$ cat run-v4.cif   # mmCIF, C-alpha atoms and all ligand atoms
data_target
#
loop_
_atom_site.label_atom_id
_atom_site.label_comp_id
_atom_site.auth_asym_id
_atom_site.auth_seq_id
_atom_site.Cartn_x
_atom_site.Cartn_y
_atom_site.Cartn_z
CA MET G 19 0.00 0.00 0.00
CA THR G 20 1.28 3.45 -0.89
CA ALA G 21 1.71 5.78 2.05
CA PHE G 22 -0.61 8.76 2.06
CA ILE G 23 2.24 11.24 1.69
CA ASP G 24 3.44 9.40 -1.43
CA ARG G 25 0.02 9.73 -2.98
CA VAL G 26 0.13 13.45 -2.28
CA LYS G 27 3.56 13.65 -3.95
CA GLN G 28 2.19 11.77 -6.90
CA MET G 29 -0.61 14.27 -7.30
CA ASP G 30 2.00 17.02 -7.61
CA ASP G 31 4.04 14.94 -10.06
CA ILE G 32 1.15 14.60 -12.48
CA ASP G 33 -0.23 18.12 -11.95
CA PRO G 34 -0.29 19.90 -15.34
CA LEU G 35 -0.23 23.30 -13.60
CA ALA G 36 2.78 22.53 -11.37
CA ARG G 37 5.06 24.61 -13.62
CA PHE G 38 3.25 27.83 -12.66
CA ARG G 39 4.53 27.65 -9.10
CA GLU G 40 7.96 28.96 -10.09
CA ARG G 41 6.53 31.92 -11.88
CA PHE G 42 5.82 33.64 -8.56
CA VAL G 43 8.11 35.17 -5.97
CA GLN G 44 8.50 32.56 -3.25
CA PRO G 45 9.96 33.54 0.13
CA PRO G 46 12.00 30.76 1.80
CA HIS G 47 10.39 28.51 4.46
CA PHE G 48 6.99 29.72 3.57
CA ILE G 49 3.68 28.15 2.59
CA TYR G 50 1.08 30.58 1.44
CA LEU G 51 -2.58 29.64 1.84
CA ASP G 52 -4.12 33.07 1.67
CA GLY G 53 -4.38 33.67 -2.07
CA ASN G 54 -8.07 34.32 -1.52
CA SER G 55 -7.13 37.49 0.36
CA LEU G 56 -4.02 38.73 -1.42
CA GLY G 57 -2.53 36.80 -4.34
CA LYS G 58 1.21 36.24 -4.75
CA LEU G 59 3.55 38.39 -6.83
CA PRO G 60 4.19 37.05 -10.34
CA LEU G 61 7.82 37.36 -11.46
CA ALA G 62 6.60 38.84 -14.74
CA THR G 63 5.00 41.67 -12.79
CA LEU G 64 8.41 42.69 -11.42
CA ASP G 65 9.77 43.05 -14.98
CA ARG G 66 6.69 44.81 -16.17
CA MET G 67 6.80 47.34 -13.34
CA LYS G 68 10.43 48.14 -14.05
CA THR G 69 9.58 48.91 -17.68
CA VAL G 70 6.48 50.93 -16.87
CA ILE G 71 8.20 52.99 -14.23
CA GLU G 72 11.57 53.55 -15.86
CA GLU G 73 10.74 53.70 -19.54
CA GLU G 74 7.10 54.61 -19.86
CA TRP G 75 6.87 57.00 -16.95
CA GLY G 76 10.52 58.03 -16.55
CA HIS G 77 11.35 58.61 -20.20
CA GLY G 78 8.02 58.62 -22.01
CA LEU G 79 6.23 60.86 -19.53
CA ILE G 80 3.03 62.39 -20.97
CA ARG G 81 3.67 60.82 -24.39
CA SER G 82 3.01 57.40 -22.87
CA TRP G 83 -0.70 58.16 -22.54
CA ASN G 84 -1.13 58.03 -26.29
CA GLU G 85 1.50 55.41 -26.95
CA LYS G 86 0.63 52.93 -24.23
CA TRP G 87 -1.62 53.87 -21.37
CA LEU G 88 -4.95 54.86 -22.87
CA GLN G 89 -5.38 51.40 -24.34
CA LEU G 90 -4.58 49.69 -21.06
CA ASN G 91 -8.13 49.63 -19.65
CA GLN G 92 -9.55 48.02 -22.75
CA THR G 93 -6.73 45.46 -23.01
CA ILE G 94 -7.31 44.44 -19.43
CA ALA G 95 -11.10 44.47 -19.77
CA ASN G 96 -10.74 42.01 -22.68
CA LYS G 97 -8.73 39.68 -20.50
CA ILE G 98 -11.16 39.85 -17.59
CA ALA G 99 -14.01 39.27 -20.04
CA THR G 100 -12.39 36.01 -21.15
CA ILE G 101 -11.89 34.92 -17.55
CA THR G 102 -15.48 35.74 -16.53
CA GLY G 103 -17.32 34.56 -19.63
CA ALA G 104 -18.44 38.05 -20.65
CA ARG G 105 -18.10 40.14 -23.80
CA ALA G 106 -15.25 42.64 -23.91
CA ASP G 107 -17.72 45.54 -24.15
CA GLU G 108 -19.44 44.43 -20.96
CA ILE G 109 -16.47 44.86 -18.61
CA MET G 110 -15.15 48.12 -17.15
CA VAL G 111 -11.88 47.99 -15.22
CA GLY G 112 -11.19 50.53 -12.50
CA ASP G 113 -12.10 51.84 -9.06
CA SER G 114 -12.67 49.45 -6.20
CA THR G 115 -15.13 46.63 -5.67
CA SER G 116 -17.12 48.60 -3.09
CA LEU G 117 -17.29 51.68 -5.30
CA ASN G 118 -18.38 49.63 -8.31
CA LEU G 119 -21.01 47.93 -6.19
CA PHE G 120 -22.28 51.34 -5.14
CA LYS G 121 -22.44 52.57 -8.74
CA LEU G 122 -24.36 49.57 -10.01
CA ALA G 123 -26.68 49.21 -7.03
CA TYR G 124 -27.50 52.92 -7.19
CA ALA G 125 -28.06 52.77 -10.95
CA SER G 126 -30.38 49.79 -10.72
CA LEU G 127 -32.51 51.21 -7.89
CA HIS G 128 -32.70 54.53 -9.69
CA PHE G 129 -34.29 53.35 -12.90
CA GLN G 130 -36.92 51.02 -11.42
CA ASP G 131 -40.40 52.12 -10.30
CA GLY G 132 -42.56 50.26 -7.83
CA ARG G 133 -39.86 47.94 -6.56
CA ASN G 134 -38.31 48.96 -3.28
CA GLU G 135 -36.36 46.07 -1.85
CA ILE G 136 -32.68 45.10 -1.97
CA MET G 137 -32.26 41.42 -1.23
CA THR G 138 -29.01 39.96 0.06
CA ASP G 139 -27.93 37.39 2.63
CA ASP G 140 -26.04 37.36 5.91
CA LEU G 141 -23.16 35.44 4.30
CA ASN G 142 -22.29 38.48 2.19
CA PHE G 143 -19.17 40.57 2.75
CA PRO G 144 -19.57 43.40 5.32
CA SER G 145 -18.60 46.13 2.85
CA ASP G 146 -21.45 45.02 0.55
CA HIS G 147 -23.90 45.34 3.45
CA TYR G 148 -22.51 48.78 4.28
CA VAL G 149 -22.97 49.94 0.70
CA PHE G 150 -26.63 48.87 0.72
CA GLN G 151 -27.23 50.39 4.14
CA GLY G 152 -25.72 53.68 2.99
CA LEU G 153 -27.81 53.69 -0.19
CA VAL G 154 -31.04 53.26 1.73
CA GLU G 155 -30.10 55.71 4.43
CA LYS G 156 -28.76 58.49 2.21
CA HIS G 157 -30.31 58.07 -1.23
CA PHE G 158 -33.36 55.77 -1.30
CA PRO G 159 -35.29 56.36 1.96
CA ASN G 160 -38.32 54.40 0.73
CA HIS G 161 -36.33 51.27 0.06
CA ARG G 162 -35.61 48.48 2.50
CA ILE G 163 -32.99 45.77 2.75
CA HIS G 164 -34.10 42.18 3.10
CA VAL G 165 -31.27 40.08 4.54
CA LEU G 166 -31.86 36.36 4.07
CA LYS G 167 -30.56 34.42 7.06
CA SER G 168 -28.44 31.34 6.59
CA LYS G 169 -29.67 28.51 8.83
CA ASP G 170 -26.24 27.00 9.49
CA GLY G 171 -24.03 30.05 9.00
CA ILE G 172 -22.41 28.25 6.07
CA SER G 173 -24.83 28.08 3.15
CA LEU G 174 -28.20 29.22 1.91
CA GLY G 175 -30.66 27.17 -0.11
CA SER G 176 -32.21 28.49 -3.31
CA GLU G 177 -35.63 27.61 -1.82
CA GLN G 178 -35.19 30.44 0.64
CA ILE G 179 -34.61 32.88 -2.19
CA LYS G 180 -37.58 31.53 -4.15
CA GLN G 181 -39.86 32.04 -1.19
CA ALA G 182 -38.68 35.53 -0.36
CA ILE G 183 -38.31 37.09 -3.81
CA SER G 184 -41.27 39.04 -5.17
CA ASP G 185 -42.31 41.76 -7.56
CA LYS G 186 -41.30 44.22 -4.84
CA THR G 187 -37.67 43.12 -5.13
CA ALA G 188 -35.56 45.52 -7.16
CA LEU G 189 -32.18 43.94 -6.75
CA LEU G 190 -30.77 40.59 -5.66
CA SER G 191 -27.13 41.02 -4.70
CA LEU G 192 -25.05 38.14 -3.39
CA SER G 193 -21.47 37.01 -3.22
CA HIS G 194 -21.02 34.19 -5.71
CA ILE G 195 -18.74 32.58 -3.14
CA ALA G 196 -19.18 33.47 0.53
CA TYR G 197 -16.02 34.99 1.96
CA LYS G 198 -16.18 33.07 5.23
CA SER G 199 -17.49 29.60 4.45
CA GLY G 200 -16.57 29.33 0.78
CA PHE G 201 -20.19 28.39 -0.03
CA LYS G 202 -20.88 28.76 -3.74
CA TYR G 203 -24.19 29.75 -5.27
CA ASP G 204 -25.26 28.20 -8.56
CA LEU G 205 -25.22 31.25 -10.83
CA TYR G 206 -27.54 29.62 -13.37
CA GLU G 207 -30.17 28.63 -10.83
CA ILE G 208 -30.24 31.93 -8.94
CA ASN G 209 -30.21 34.05 -12.09
CA GLU G 210 -33.16 32.08 -13.39
CA ILE G 211 -35.15 32.60 -10.19
CA ALA G 212 -34.41 36.34 -10.31
CA ASN G 213 -35.15 36.66 -14.02
CA MET G 214 -38.52 34.96 -13.56
CA HIS G 215 -39.51 37.74 -11.17
CA GLY G 216 -38.00 40.53 -13.22
CA VAL G 217 -35.38 41.10 -10.52
CA LEU G 218 -31.92 42.38 -11.44
CA THR G 219 -28.96 40.36 -10.19
CA LEU G 220 -25.72 41.92 -8.98
CA TRP G 221 -22.99 39.42 -8.13
CA ASP G 222 -19.86 39.99 -6.12
CA LEU G 223 -17.25 37.74 -7.70
CA SER G 224 -14.36 38.70 -5.43
CA HIS G 225 -13.86 35.19 -4.05
CA SER G 226 -14.60 33.33 -7.27
CA VAL G 227 -12.93 35.08 -10.18
CA GLY G 228 -9.73 33.26 -11.06
CA ALA G 229 -10.60 30.27 -8.87
CA VAL G 230 -13.79 28.88 -10.42
CA PRO G 231 -15.42 29.42 -13.82
CA VAL G 232 -17.92 32.25 -13.71
CA GLU G 233 -19.79 32.25 -17.06
CA LEU G 234 -21.53 35.60 -16.66
CA ASN G 235 -23.22 35.59 -20.09
CA GLN G 236 -24.26 31.99 -20.21
CA SER G 237 -25.68 31.98 -16.70
CA GLY G 238 -27.81 35.04 -17.45
CA ALA G 239 -26.24 37.41 -14.90
CA ASP G 240 -27.29 41.07 -15.17
CA MET G 241 -24.45 42.76 -13.31
CA ALA G 242 -21.35 41.87 -11.35
CA VAL G 243 -18.37 43.38 -9.59
CA GLY G 244 -15.12 41.75 -8.56
CA CYS G 245 -11.77 42.20 -7.02
CA THR G 246 -8.44 41.54 -8.73
CA TYR G 247 -5.96 41.32 -5.87
CA LYS G 248 -7.14 37.90 -4.70
CA TYR G 249 -7.02 34.96 -7.13
CA LEU G 250 -6.08 37.26 -10.03
CA ASN G 251 -2.80 38.26 -8.36
CA GLY G 252 -3.07 41.93 -9.32
CA GLY G 253 -1.26 43.26 -6.24
CA PRO G 254 -2.48 45.02 -3.07
CA GLY G 255 -5.41 47.32 -3.84
CA SER G 256 -5.31 46.61 -7.58
CA PRO G 257 -8.25 48.03 -9.60
CA ALA G 258 -11.55 46.17 -9.50
CA PHE G 259 -13.93 45.55 -12.39
CA LEU G 260 -17.63 45.68 -13.10
CA TYR G 261 -19.83 43.87 -15.56
CA VAL G 262 -23.12 45.03 -17.04
CA LYS G 263 -25.01 42.88 -19.53
CA LYS G 264 -25.02 44.60 -22.91
CA ASP G 265 -28.77 45.23 -23.23
CA LEU G 266 -28.92 46.75 -19.75
CA GLN G 267 -26.13 49.27 -20.19
CA GLU G 268 -28.15 52.11 -21.72
CA ARG G 269 -30.75 51.87 -18.98
CA LEU G 270 -28.27 52.28 -16.14
CA SER G 271 -26.61 55.56 -15.39
CA ASN G 272 -23.47 56.07 -13.33
CA PRO G 273 -24.38 58.09 -10.19
CA ILE G 274 -20.96 59.74 -10.35
CA SER G 275 -20.70 61.85 -13.50
CA SER G 276 -17.10 62.54 -14.30
CA TRP G 277 -14.79 63.05 -17.22
CA PHE G 278 -13.84 59.45 -17.94
CA GLY G 279 -17.54 58.59 -18.12
CA HIS G 280 -18.07 61.42 -20.63
CA GLU G 281 -18.86 60.64 -24.25
CA ALA G 282 -15.67 62.46 -25.32
CA PRO G 283 -13.42 63.29 -22.34
CA PHE G 284 -10.72 65.03 -24.37
CA THR G 285 -12.99 67.63 -25.95
CA PHE G 286 -13.00 69.25 -22.50
CA ASP G 287 -16.64 70.25 -22.95
CA THR G 288 -18.10 71.75 -19.76
CA ASP G 289 -21.44 69.98 -20.28
CA PHE G 290 -21.65 66.39 -19.21
CA LYS G 291 -22.78 63.89 -21.84
CA GLU G 292 -22.76 60.34 -20.59
CA ALA G 293 -20.73 57.89 -22.66
CA ARG G 294 -22.62 55.11 -24.37
CA GLY G 295 -22.09 51.53 -23.34
CA ILE G 296 -19.85 50.26 -20.59
CA ASP G 297 -17.55 53.34 -20.69
CA ARG G 298 -20.16 55.35 -18.81
CA PHE G 299 -19.23 53.52 -15.63
CA ALA G 300 -15.68 54.90 -15.59
CA ILE G 301 -14.85 57.87 -13.39
CA SER G 302 -11.23 58.94 -13.38
CA THR G 303 -7.76 58.79 -14.86
CA PRO G 304 -6.68 55.13 -14.96
CA PRO G 305 -4.13 54.07 -12.30
CA VAL G 306 -1.48 53.04 -14.82
CA LEU G 307 0.99 51.43 -12.44
CA ALA G 308 -1.65 49.30 -10.77
CA LEU G 309 -3.22 48.33 -14.10
CA SER G 310 0.17 47.32 -15.46
CA ALA G 311 0.81 45.09 -12.46
CA LEU G 312 -2.62 43.53 -12.82
CA GLU G 313 -2.13 42.63 -16.45
CA ARG G 314 0.64 40.11 -15.78
CA GLY G 315 -1.48 38.42 -13.12
CA LEU G 316 -4.29 37.99 -15.64
CA ASP G 317 -1.92 36.64 -18.28
CA LEU G 318 -0.95 33.79 -15.97
CA ILE G 319 -4.58 32.84 -15.37
CA LEU G 320 -5.27 32.92 -19.12
CA GLU G 321 -2.23 30.82 -19.85
CA ALA G 322 -3.22 28.22 -17.24
CA GLU G 323 -6.87 28.29 -18.43
CA MET G 324 -9.86 28.46 -16.14
CA ASP G 325 -10.99 24.87 -16.68
CA ASN G 326 -7.60 23.52 -15.60
CA LEU G 327 -7.58 25.78 -12.57
CA GLN G 328 -11.05 24.62 -11.63
CA ALA G 329 -10.13 20.95 -12.04
CA LYS G 330 -7.08 21.34 -9.81
CA SER G 331 -8.96 23.39 -7.23
CA VAL G 332 -11.57 20.62 -6.95
CA LEU G 333 -8.91 17.91 -6.43
CA GLN G 334 -7.12 20.06 -3.88
CA GLY G 335 -10.32 20.95 -2.06
CA ASP G 336 -11.28 17.31 -1.81
CA LEU G 337 -7.85 16.33 -0.54
CA LEU G 338 -7.90 19.10 2.06
CA MET G 339 -11.42 18.19 3.19
CA GLN G 340 -10.40 14.55 3.56
CA MET G 341 -7.37 15.48 5.68
CA ILE G 342 -9.42 17.88 7.81
CA LEU G 343 -11.96 15.15 8.53
CA THR G 344 -9.41 12.47 9.38
CA LYS G 345 -6.69 14.50 11.09
CA LEU G 346 -8.20 17.71 12.49
CA VAL G 347 -11.79 16.95 13.43
CA PRO G 348 -10.57 14.43 16.05
CA LEU G 349 -8.56 17.30 17.60
CA GLY G 350 -11.64 19.48 18.15
CA PHE G 351 -11.88 21.32 14.81
CA LYS G 352 -15.21 21.71 13.03
CA VAL G 353 -15.69 22.07 9.29
CA ALA G 354 -17.22 25.50 8.58
CA SER G 355 -17.57 25.05 4.81
CA PRO G 356 -19.86 22.92 2.65
CA TYR G 357 -18.74 19.28 2.45
CA VAL G 358 -19.93 18.86 -1.11
CA THR G 359 -17.37 19.89 -3.70
CA HIS G 360 -19.72 21.56 -6.15
CA ARG G 361 -21.09 23.81 -3.41
CA ARG G 362 -17.65 25.16 -2.55
CA GLY G 363 -15.31 27.76 -3.95
CA SER G 364 -11.57 27.42 -3.48
CA HIS G 365 -11.17 27.89 0.24
CA ILE G 366 -12.16 25.82 3.24
CA SER G 367 -12.77 27.19 6.72
CA ILE G 368 -12.39 25.30 9.94
CA SER G 369 -13.40 26.49 13.36
CA HIS G 370 -11.75 25.97 16.72
CA PRO G 371 -12.13 27.82 20.04
CA LYS G 372 -8.43 28.73 19.84
CA ALA G 373 -8.45 29.50 16.11
CA TYR G 374 -6.80 32.88 16.57
CA GLN G 375 -3.84 31.53 18.52
CA ILE G 376 -3.45 28.53 16.22
CA ASN G 377 -3.42 30.87 13.22
CA ARG G 378 -0.73 33.01 14.84
CA ALA G 379 1.34 29.95 15.78
CA MET G 380 1.20 28.83 12.13
CA ILE G 381 2.44 32.22 10.92
CA GLU G 382 5.09 32.63 13.62
CA PRO G 383 6.74 29.27 14.34
CA LEU G 384 9.15 29.24 17.26
CA LYS G 385 11.72 27.00 15.57
CA GLU G 386 13.72 28.58 12.78
CA ASN G 387 13.59 25.64 10.41
CA THR G 388 9.82 25.28 10.64
CA ALA G 389 8.07 26.79 7.64
CA ALA G 390 5.74 29.71 8.28
CA ILE G 391 2.29 28.81 7.04
CA ILE G 392 -0.06 31.65 6.19
CA PRO G 393 -3.79 31.02 6.23
CA ASP G 394 -6.07 33.72 7.59
CA PHE G 395 -8.24 34.20 10.61
CA ARG G 396 -11.81 35.44 10.53
CA PRO G 397 -13.52 36.27 13.81
CA PRO G 398 -14.67 34.76 15.97
CA ASP G 399 -13.14 31.32 15.51
CA LEU G 400 -12.36 30.57 11.85
CA ILE G 401 -9.16 29.62 10.09
CA ARG G 402 -9.59 30.04 6.34
CA ILE G 403 -7.38 27.89 4.19
CA GLY G 404 -7.23 29.35 0.71
CA ILE G 405 -6.24 27.16 -2.21
CA ALA G 406 -4.83 29.06 -5.17
CA PRO G 407 -4.54 26.28 -7.77
CA LEU G 408 -2.14 28.38 -9.82
CA TYR G 409 0.68 28.20 -7.27
CA ASN G 410 -0.33 25.94 -4.40
CA SER G 411 0.90 22.37 -4.49
CA PHE G 412 -0.88 19.38 -3.01
CA MET G 413 2.08 19.08 -0.64
CA ASP G 414 1.39 22.62 0.67
CA LEU G 415 -1.96 21.37 1.90
CA TYR G 416 -0.50 18.22 3.41
CA LYS G 417 2.18 20.18 5.26
CA ALA G 418 -0.33 22.75 6.50
CA VAL G 419 -2.61 20.11 7.99
CA GLU G 420 0.33 18.29 9.58
CA ARG G 421 1.56 21.56 11.06
CA ILE G 422 -1.86 22.43 12.49
CA ARG G 423 -1.96 18.99 14.06
CA GLU G 424 1.49 19.48 15.57
CA ILE G 425 0.59 22.92 16.97
CA VAL G 426 -2.52 21.60 18.69
CA GLU G 427 -0.96 18.39 19.93
CA LYS G 428 2.02 20.22 21.43
CA GLY G 429 -0.04 23.16 22.68
CA GLU G 430 2.16 25.61 20.71
CA MET G 431 -0.73 28.07 20.47
CA ASP G 432 -0.75 28.63 24.21
CA ARG G 433 1.60 31.61 24.31
CA ASP G 434 1.28 35.41 24.12
CA PHE G 435 1.16 37.05 20.71
CA GLU G 436 1.73 40.70 19.87
CA PRO G 437 -1.55 42.41 18.93
CA GLN G 438 -2.03 43.08 15.19
CA ILE G 439 -4.48 45.14 13.13
CA VAL G 440 -4.93 42.72 10.25
CA THR G 441 -4.91 39.07 11.18
C1 LIG D 1 -12.24 41.42 -1.06
C2 LIG D 1 -13.67 41.72 -1.22
C3 LIG D 1 -14.08 43.03 -1.49
C4 LIG D 1 -13.07 44.14 -1.55
O1 LIG D 1 -13.59 45.38 -1.52
P1 LIG D 1 -12.69 46.66 -1.79
O2 LIG D 1 -13.66 47.69 -2.11
O3 LIG D 1 -11.76 46.31 -2.91
O4 LIG D 1 -11.89 46.93 -0.57
C5 LIG D 1 -15.43 43.25 -1.70
N1 LIG D 1 -16.32 42.24 -1.64
C6 LIG D 1 -15.95 40.98 -1.37
C7 LIG D 1 -16.95 39.88 -1.35
C8 LIG D 1 -14.61 40.69 -1.14
O5 LIG D 1 -14.24 39.46 -0.87
#
$ encode --input "run-v4.cif" --output "structure tokens"
Amino acid sequence: MTAFIDRVKQMDDIDPLARFRERFVQPPHFIYLDGNSLGKLPLATLDRMKTVIEEEWGHGLIRSWNEKWLQLNQTIANKIATITGARADEIMVGDSTSLNLFKLAYASLHFQDGRNEIMTDDLNFPSDHYVFQGLVEKHFPNHRIHVLKSKDGISLGSEQIKQAISDKTALLSLSHIAYKSGFKYDLYEINEIANMHGVLTLWDLSHSVGAVPVELNQSGADMAVGCTYKYLNGGPGSPAFLYVKKDLQERLSNPISSWFGHEAPFTFDTDFKEARGIDRFAISTPPVLALSALERGLDLILEAEMDNLQAKSVLQGDLLMQMILTKLVPLGFKVASPYVTHRRGSHISISHPKAYQINRAMIEPLKENTAAIIPDFRPPDLIRIGIAPLYNSFMDLYKAVERIREIVEKGEMDRDFEPQIVT
């Protein structure tokens, strides 16, 4: 019988994406399982940044706008369109996820009469809730927010949405993959329910884009926003994107009128005329350095291909789940993610009363030759283990689980840690 660890090694040996691991900066003694929060730095991004800064900015200066930079948004939008199953003229790159969510939620509430409810769920990301709360409080006082409550804190059944949705619902806005539990909605099923009631859908793809196929067009999604510094490896705070289905674009208006959303920004006309199509959702001068960094991250995803990434993520998720059940559950951990593969994104959360300390002990090992392992902690008691199929090996997962086991068995988490802002 082959030992378990040998089977894990074998999985790496036959992994068609294994070669991508070396295309990222890899600190020594370090296993990174937080690609769902901030992706790693591609080596190609380092080269690209040197060129953009030294040549394009340093030497080209203002000339680079015409020669290079003004095309950048469209080039990147094309790439994100391929990754998300949208048309190139349905994606706008820029601003942040929260700001894009605000723009699209505002626009969709604004043009609808007689519908006064925003529907979301309590699995959604806090910033998304804040955006909706602010909209109702400051702009749409006659609207209300209907928060669907998950029964187990992990997932939410489509039955609950079916029962609650009505012709009063203006907008259904959910995270495709829940940031805590990794629960994944079926885009096709939920879009169909919403479409049947004439309800617009607005998806937050932050935890899915680059990890699982999204298929915006085919699934019938109306609108979406997403983040690029997670699985797309765009770098800290890299620009977000938004998607609006083609036939909806002319009906939605950007609540922030500004020059990059103008029909012809460089005529410097003092009267605002909203651009046609997806361009109307732009606001300001593109952040060239950040866009340049993002492009190399996208290139790697495109080269690896979404289907391969998905296939590997599924194998890795199943391996991790199996190890959690056999090695960590007996030590007092609970699984805080769906068991079923097709209901999960690319991270798995486990809970433990001492999750915070265990997380810190993983990141800060006492012995020098022990690898630091970086997952992340989400209050009150969750350790999130993110699988980025582009650069994580099967052995990373094996080592992480073994290390967690060692920490708990030896009580290594029972020590004092320096307080930190971000955990
Ligand atoms: C990461 C993330 C965001 C990020 O929002 P920013 O505006 O970029 O800070 C938003 N929504 C979800 C679901 C996320 O996971």
$ residues_near_ligand --input "run-v4.cif" --ligand "ligand LIG 1 (chain D)" --cutoff "7 Å" --atoms "only C-alpha atoms and all ligand atoms" --output "PDB file with C-alpha atoms, in the coordinates of the input"
ATOM      1  CA  SER G  55      -7.130  37.490   0.360  1.00  0.00           C
ATOM      2  CA  SER G 114     -12.670  49.450  -6.200  1.00  0.00           C
ATOM      3  CA  THR G 115     -15.130  46.630  -5.670  1.00  0.00           C
ATOM      4  CA  SER G 116     -17.120  48.600  -3.090  1.00  0.00           C
ATOM      5  CA  LEU G 117     -17.290  51.680  -5.300  1.00  0.00           C
ATOM      6  CA  ASN G 142     -22.290  38.480   2.190  1.00  0.00           C
ATOM      7  CA  PHE G 143     -19.170  40.570   2.750  1.00  0.00           C
ATOM      8  CA  SER G 145     -18.600  46.130   2.850  1.00  0.00           C
ATOM      9  CA  ASP G 146     -21.450  45.020   0.550  1.00  0.00           C
ATOM     10  CA  SER G 193     -21.470  37.010  -3.220  1.00  0.00           C
ATOM     11  CA  TYR G 197     -16.020  34.990   1.960  1.00  0.00           C
ATOM     12  CA  ASP G 222     -19.860  39.990  -6.120  1.00  0.00           C
ATOM     13  CA  LEU G 223     -17.250  37.740  -7.700  1.00  0.00           C
ATOM     14  CA  SER G 224     -14.360  38.700  -5.430  1.00  0.00           C
ATOM     15  CA  HIS G 225     -13.860  35.190  -4.050  1.00  0.00           C
ATOM     16  CA  CYS G 245     -11.770  42.200  -7.020  1.00  0.00           C
ATOM     17  CA  GLY G 255      -5.410  47.320  -3.840  1.00  0.00           C
ATOM     18  CA  ALA G 258     -11.550  46.170  -9.500  1.00  0.00           C
TER      19      ALA G 258
END
$ closest_residue --input "run-v4.cif" --among "G:Asp170, G:Glu268, G:Asp317, G:Asp113" --to "Gly244 of chain G" --atoms "only C-alpha atoms"
G:Asp113
$ residues_near_point --input "run-v4.cif" --point "(-13.2, 40.0, -22.7)" --cutoff "8 Å" --atoms "all atoms listed in the file" --output "PyMOL selection string"
chain G and resi 95-109
$ atom_distance --input "run-v4.cif" --atom1 "atom CA of Ala229 of chain G" --atom2 "atom CA of Leu266 of chain G"
26.9 Å
$ residues_around --input "run-v4.cif" --residues "Leu153 of chain G" --least-positions-apart "4" --cutoff "12 Å" --atoms "only C-alpha atoms" --output "NGL selection string"
:G and (117 or 119-128 or 134-136 or 146-149 or 157-163 or 273)
$ atom_distance --input "run-v4.cif" --atom1 "atom CA of Leu320 of chain G" --atom2 "atom CA of Arg41 of chain G"
13.9 Å
$ residues_around --input "run-v4.cif" --residues "Gln178 of chain G" --least-positions-apart "6" --cutoff "12 Å" --atoms "all atoms listed in the file" --output "ChimeraX atom specification"
/G:137-139,165-169,208,211
$ residues_around --input "run-v4.cif" --residues "Phe395 of chain G" --least-positions-apart "6" --cutoff "12 Å" --atoms "all atoms listed in the file" --output "number ranges by chain"
G: 51-52, 55, 197-198, 366-370, 372-381, 401-404, 438-441
$ closest_residue --input "run-v4.cif" --among "G:Glu233, G:Ser199, G:Ala322, G:Ala188" --to "Thr219 of chain G" --atoms "only C-alpha atoms"
G:Ala188
$ atom_distance --input "run-v4.cif" --atom1 "atom CA of Phe351 of chain G" --atom2 "atom CA of Tyr203 of chain G"
25.0 Å
$ closest_residue --input "run-v4.cif" --among "G:Leu312, G:Val70, G:Met110, G:Leu333" --to "Val243 of chain G" --atoms "only C-alpha atoms"
G:Met110
$ residues_around --input "run-v4.cif" --residues "His47 of chain G" --least-positions-apart "5" --cutoff "12 Å" --atoms "all atoms listed in the file" --output "JSON, numbers by chain"
{"G": [380, 381, 382, 383, 385, 386, 387, 388, 389, 390, 391, 392, 414, 417]}
$ closest_residue --input "run-v4.cif" --among "G:Asp289, G:Asp394, G:Asp325, G:Asp399" --to "Leu56 of chain G" --atoms "all atoms listed in the file"
G:Asp394
$ residues_around --input "run-v4.cif" --residues "Ile319 of chain G" --least-positions-apart "2" --cutoff "10 Å" --atoms "all atoms listed in the file" --output "JSON list (two decimals) with C-alpha atoms, in the frame of the given file"
[["chain", "number", "residue", "atom", "x", "y", "z"],
["G", 38, "PHE", "CA", 3.25, 27.83, -12.66],
["G", 97, "LYS", "CA", -8.73, 39.68, -20.50],
["G", 98, "ILE", "CA", -11.16, 39.85, -17.59],
["G", 101, "ILE", "CA", -11.89, 34.92, -17.55],
["G", 228, "GLY", "CA", -9.73, 33.26, -11.06],
["G", 229, "ALA", "CA", -10.60, 30.27, -8.87],
["G", 249, "TYR", "CA", -7.02, 34.96, -7.13],
["G", 250, "LEU", "CA", -6.08, 37.26, -10.03],
["G", 251, "ASN", "CA", -2.80, 38.26, -8.36],
["G", 314, "ARG", "CA", 0.64, 40.11, -15.78],
["G", 315, "GLY", "CA", -1.48, 38.42, -13.12],
["G", 316, "LEU", "CA", -4.29, 37.99, -15.64],
["G", 317, "ASP", "CA", -1.92, 36.64, -18.28],
["G", 321, "GLU", "CA", -2.23, 30.82, -19.85],
["G", 322, "ALA", "CA", -3.22, 28.22, -17.24],
["G", 323, "GLU", "CA", -6.87, 28.29, -18.43],
["G", 324, "MET", "CA", -9.86, 28.46, -16.14],
["G", 326, "ASN", "CA", -7.60, 23.52, -15.60],
["G", 327, "LEU", "CA", -7.58, 25.78, -12.57],
["G", 408, "LEU", "CA", -2.14, 28.38, -9.82]]
$ residues_near_point --input "run-v4.cif" --point "(-21.3, 48.2, -20.5)" --cutoff "6 Å" --atoms "only C-alpha atoms" --output "list in words"
Asp107, Glu108, Val262, Lys264, Gln267, Gly295 and Ile296 of chain G
$ closest_residue --input "run-v4.cif" --among "G:Leu61, G:Leu415, G:Leu192, G:Val217" --to "Ser331 of chain G" --atoms "all atoms listed in the file"
G:Leu415
$ closest_residue --input "run-v4.cif" --among "G:Leu189, G:Leu343, G:Val306, G:Val358" --to "Ser82 of chain G" --atoms "all atoms listed in the file"
G:Val306
